[in-house]
Amino acid sequence: MKYVRICVITLTVSLFVSFAHAKDTSAVQQENVRIPRPAPGTTDIYNYIVELLTRALAVTEREYGQLKVVANPETTPQQRQFMNLSNGNTDIAWSITSTERESRYTPVRVPLIGGLFGYRVFLVRADDKRFSYAPSLPDLKAMTAIQGATWPDTHILQFNEFSVLGTYGSGHMLLHRKMVDYYPRAIHEVSQELLEYPQFTLNVAPQLALKYDNPMFFFVSKKHPRLAERLTKGLLILYNNGEMLKLLTHQPFYADAEEMLFGREIYVLQNPLLTDETIAALAQFR
């Protein structure tokens with residue numbers, strides 16, 4: 001496994017979308033579009049995504065009509081959000097992509113946060129001296145990471161021969177209790193997570209990070225191709241006129257991620273969960 005030293009983030013968003021035009025199966029014209037409610041530790045990202053979504057709907061309003069963004073009444077874990085897409089309780093969800101998710105739902109292949117979700121830093125216990133320097137790749141693989149049981153990242157790490165414990169509970173608590181060694185987190189999420197969990201004595205390991213292609217997409221039900229088409233058009237308009245990148249780079253979490261990544265040693269991993277269509281999109285527009 002090779003690694004590279006990266007001193008700055010290059011966030012040239014890779015964009016390519018191809019959708020077949022199909023008749024929407026909805027019988028009634030919607031006035032609202034329902035989205036998940038934010039989970040703890042995701043407020044900054046959530047607000048950015050909602051603003052981006054709102055702008056994408058606004059620039060396509062003349063062609064498709066007005067839609068109001070409405071959050072579901074209760075916070076739900078990511079797996080439940082996708083179930084809500086299937087049962088019609090949610091209209092749009094967003095997450096990092098995978099072959100399985102793209103087979104069950106319609107992805108809008110416009111990366112929402114550039115390449116940020118591909119950079120992972122480690123939450124560790126503050127008194128764990130093993131992370132005061134950059135452990136070697138074999139040393140990392142000999143330790144145990146924690147990830148959500150249903151997260152694509154769990155499969156990505158396992159494919160790259162990492163030892164990973166999948167959990168349906170709190171990874172922060174398991175790390176605090178010394179049941180695992182480190183908790184890989186997206187570089188733009190980790191600062192807010194530390195604020196959300198002050199009861200645990202955790203730090204960000206200072207010397208290293210992981211990197212793999214890991215785009216975040218909007219997803220909609222396959223029953224609503226017109227909504228997917230609209231989101232595609234709206235996001236591409238925002239990307240092509242520069243508004244999307246401007247919005248992203250003005251986010252505090254973007255600035256924090258850029259500063260945090262500086263000077264780290266980066267281990268580059270392979271992501272086996274990308275479809276051919278997504279790989280083509282990312283490769284063509286780098």
# chains A, B, ... in the order shown; residues from 1 in each chain; ligands from 1
>>> residues_around(residues="segment 253-260 of chain A", least_positions_apart="3", cutoff="10 Å", atoms="only C-alpha atoms", output="PyMOL selection string")
chain A and resi 7-11+44-45+48+113+116+119+121+186-192+204+206-207+209+248-250+263-264
>>> write_last_selection(atoms="N, CA and C atoms", output="PDB file, in the first residue's frame")
ATOM      1  N   CYS A   7      -0.076  18.283   1.557  1.00  0.00           N
ATOM      2  CA  CYS A   7       0.031  19.486   2.366  1.00  0.00           C
ATOM      3  C   CYS A   7      -1.188  20.386   2.253  1.00  0.00           C
ATOM      4  N   VAL A   8      -1.970  20.249   1.196  1.00  0.00           N
ATOM      5  CA  VAL A   8      -3.174  21.054   1.049  1.00  0.00           C
ATOM      6  C   VAL A   8      -4.245  20.188   0.424  1.00  0.00           C
ATOM      7  N   ILE A   9      -5.475  20.618   0.574  1.00  0.00           N
ATOM      8  CA  ILE A   9      -6.590  19.906  -0.061  1.00  0.00           C
ATOM      9  C   ILE A   9      -6.790  20.425  -1.464  1.00  0.00           C
ATOM     10  N   THR A  10      -6.912  19.515  -2.418  1.00  0.00           N
ATOM     11  CA  THR A  10      -7.337  19.918  -3.754  1.00  0.00           C
ATOM     12  C   THR A  10      -8.742  19.388  -3.930  1.00  0.00           C
ATOM     13  N   LEU A  11      -9.665  20.310  -4.045  1.00  0.00           N
ATOM     14  CA  LEU A  11     -11.065  19.907  -4.053  1.00  0.00           C
ATOM     15  C   LEU A  11     -11.711  20.231  -5.392  1.00  0.00           C
ATOM     16  N   ASP A  44     -23.576  21.362  11.135  1.00  0.00           N
ATOM     17  CA  ASP A  44     -22.937  22.216  10.141  1.00  0.00           C
ATOM     18  C   ASP A  44     -23.073  21.637   8.736  1.00  0.00           C
ATOM     19  N   ILE A  45     -22.797  20.349   8.603  1.00  0.00           N
ATOM     20  CA  ILE A  45     -22.921  19.695   7.302  1.00  0.00           C
ATOM     21  C   ILE A  45     -24.376  19.713   6.844  1.00  0.00           C
ATOM     22  N   TYR A  48     -25.462  23.059   5.475  1.00  0.00           N
ATOM     23  CA  TYR A  48     -24.895  23.273   4.142  1.00  0.00           C
ATOM     24  C   TYR A  48     -25.682  22.485   3.092  1.00  0.00           C
ATOM     25  N   ILE A 113     -19.955  17.386  -1.453  1.00  0.00           N
ATOM     26  CA  ILE A 113     -18.945  18.025  -0.608  1.00  0.00           C
ATOM     27  C   ILE A 113     -17.563  17.826  -1.226  1.00  0.00           C
ATOM     28  N   LEU A 116     -14.136  15.856   0.269  1.00  0.00           N
ATOM     29  CA  LEU A 116     -13.911  15.842   1.714  1.00  0.00           C
ATOM     30  C   LEU A 116     -14.222  14.507   2.368  1.00  0.00           C
ATOM     31  N   TYR A 119     -11.434  11.855   2.935  1.00  0.00           N
ATOM     32  CA  TYR A 119     -10.348  12.020   3.899  1.00  0.00           C
ATOM     33  C   TYR A 119     -10.842  11.640   5.288  1.00  0.00           C
ATOM     34  N   VAL A 121      -9.708  11.108   9.336  1.00  0.00           N
ATOM     35  CA  VAL A 121      -8.759  11.221  10.441  1.00  0.00           C
ATOM     36  C   VAL A 121      -9.268  10.365  11.588  1.00  0.00           C
ATOM     37  N   ALA A 186     -14.837  11.345   9.084  1.00  0.00           N
ATOM     38  CA  ALA A 186     -14.633  12.292   7.979  1.00  0.00           C
ATOM     39  C   ALA A 186     -13.988  13.561   8.508  1.00  0.00           C
ATOM     40  N   ILE A 187     -13.026  14.085   7.773  1.00  0.00           N
ATOM     41  CA  ILE A 187     -12.214  15.187   8.272  1.00  0.00           C
ATOM     42  C   ILE A 187     -13.027  16.444   8.540  1.00  0.00           C
ATOM     43  N   HIS A 188     -14.145  16.613   7.850  1.00  0.00           N
ATOM     44  CA  HIS A 188     -14.961  17.806   8.050  1.00  0.00           C
ATOM     45  C   HIS A 188     -15.998  17.630   9.158  1.00  0.00           C
ATOM     46  N   GLU A 189     -16.104  16.440   9.730  1.00  0.00           N
ATOM     47  CA  GLU A 189     -17.077  16.178  10.785  1.00  0.00           C
ATOM     48  C   GLU A 189     -16.464  16.146  12.181  1.00  0.00           C
ATOM     49  N   VAL A 190     -15.178  15.853  12.250  1.00  0.00           N
ATOM     50  CA  VAL A 190     -14.597  15.442  13.515  1.00  0.00           C
ATOM     51  C   VAL A 190     -14.565  16.558  14.553  1.00  0.00           C
ATOM     52  N   SER A 191     -14.337  17.795  14.152  1.00  0.00           N
ATOM     53  CA  SER A 191     -14.269  18.894  15.123  1.00  0.00           C
ATOM     54  C   SER A 191     -15.597  19.087  15.839  1.00  0.00           C
ATOM     55  N   GLN A 192     -16.685  19.034  15.089  1.00  0.00           N
ATOM     56  CA  GLN A 192     -17.990  19.196  15.710  1.00  0.00           C
ATOM     57  C   GLN A 192     -18.322  17.999  16.592  1.00  0.00           C
ATOM     58  N   VAL A 204      -8.028  14.123  18.209  1.00  0.00           N
ATOM     59  CA  VAL A 204      -7.752  13.715  16.834  1.00  0.00           C
ATOM     60  C   VAL A 204      -6.272  13.364  16.742  1.00  0.00           C
ATOM     61  N   PRO A 206      -2.743  13.319  15.507  1.00  0.00           N
ATOM     62  CA  PRO A 206      -2.233  14.489  14.793  1.00  0.00           C
ATOM     63  C   PRO A 206      -1.429  14.219  13.531  1.00  0.00           C
ATOM     64  N   GLN A 207      -1.015  12.990  13.269  1.00  0.00           N
ATOM     65  CA  GLN A 207       0.025  12.778  12.274  1.00  0.00           C
ATOM     66  C   GLN A 207      -0.434  12.166  10.955  1.00  0.00           C
ATOM     67  N   ALA A 209      -3.741  10.360   8.174  1.00  0.00           N
ATOM     68  CA  ALA A 209      -5.123  10.271   7.712  1.00  0.00           C
ATOM     69  C   ALA A 209      -5.205   9.189   6.645  1.00  0.00           C
ATOM     70  N   LEU A 248     -19.511  25.915  -0.750  1.00  0.00           N
ATOM     71  CA  LEU A 248     -18.747  24.923  -0.004  1.00  0.00           C
ATOM     72  C   LEU A 248     -17.530  25.530   0.674  1.00  0.00           C
ATOM     73  N   THR A 249     -16.757  26.305  -0.063  1.00  0.00           N
ATOM     74  CA  THR A 249     -15.497  26.815   0.468  1.00  0.00           C
ATOM     75  C   THR A 249     -15.698  27.906   1.511  1.00  0.00           C
ATOM     76  N   HIS A 250     -16.914  28.422   1.633  1.00  0.00           N
ATOM     77  CA  HIS A 250     -17.197  29.415   2.667  1.00  0.00           C
ATOM     78  C   HIS A 250     -17.745  28.777   3.955  1.00  0.00           C
ATOM     79  N   GLY A 263      -0.028  18.876   6.192  1.00  0.00           N
ATOM     80  CA  GLY A 263       1.156  18.220   6.706  1.00  0.00           C
ATOM     81  C   GLY A 263       0.977  16.789   7.172  1.00  0.00           C
ATOM     82  N   ARG A 264      -0.211  16.233   7.034  1.00  0.00           N
ATOM     83  CA  ARG A 264      -0.419  14.860   7.490  1.00  0.00           C
ATOM     84  C   ARG A 264       0.142  13.851   6.493  1.00  0.00           C
TER      85      ARG A 264
END
>>> residues_around(residues="segment 159-169 of chain A", least_positions_apart="2", cutoff="10 Å", atoms="only C-alpha atoms", output="PyMOL selection string")
chain A and resi 1+77+137-138+140-151+153-157+171-174+179-183+268-273
>>> select_by_dssp(residues="segment 207-270 of chain A", states="strand (DSSP E)", output="MDAnalysis selection string")
chainID A and resid 208:211 216:220 264:268
>>> residues_around(residues="segment 57-69 of chain A", least_positions_apart="2", cutoff="12 Å", atoms="only C-alpha atoms", output="ChimeraX atom specification")
/A:29-37,49-55,71-72,90-92,226-239,241,243
>>> closest_residue(among="A:Pro198, A:Pro38, A:Pro111, A:Pro215", to="Ile96 of chain A", atoms="only C-alpha atoms")
A:Pro215
>>> closest_residue(among="A:Asp213, A:Gln78, A:Met83, A:Leu208", to="Leu261 of chain A", atoms="only C-alpha atoms")
A:Leu208
>>> select_by_dssp(residues="segment 38-106 of chain A", states="helix (DSSP H, G or I)", output="JSON, numbers by chain")
{"A": [43, 44, 45, 46, 47, 48, 49, 50, 51, 52, 53, 54, 55, 56, 57, 58, 61, 62, 63, 64, 78, 79, 80, 81, 82, 83, 84, 85, 86, 87, 99, 100, 101, 102, 103, 104]}
>>> atom_distance(atom1="atom CA of Gln199 of chain A", atom2="atom CA of Tyr46 of chain A")
23.3 Å
>>> closest_residue(among="A:Ser95, A:Asn214, A:Asn240, A:Gln79", to="Gly118 of chain A", atoms="only C-alpha atoms")
A:Asn214
>>> residues_around(residues="Gly88 of chain A", least_positions_apart="6", cutoff="10 Å", atoms="only C-alpha atoms", output="list in words")
Arg34, Phe82, Val220, Ser221 and Lys223 of chain A
>>> atom_distance(atom1="atom CA of Val108 of chain A", atom2="atom CA of Leu274 of chain A")
13.8 Å
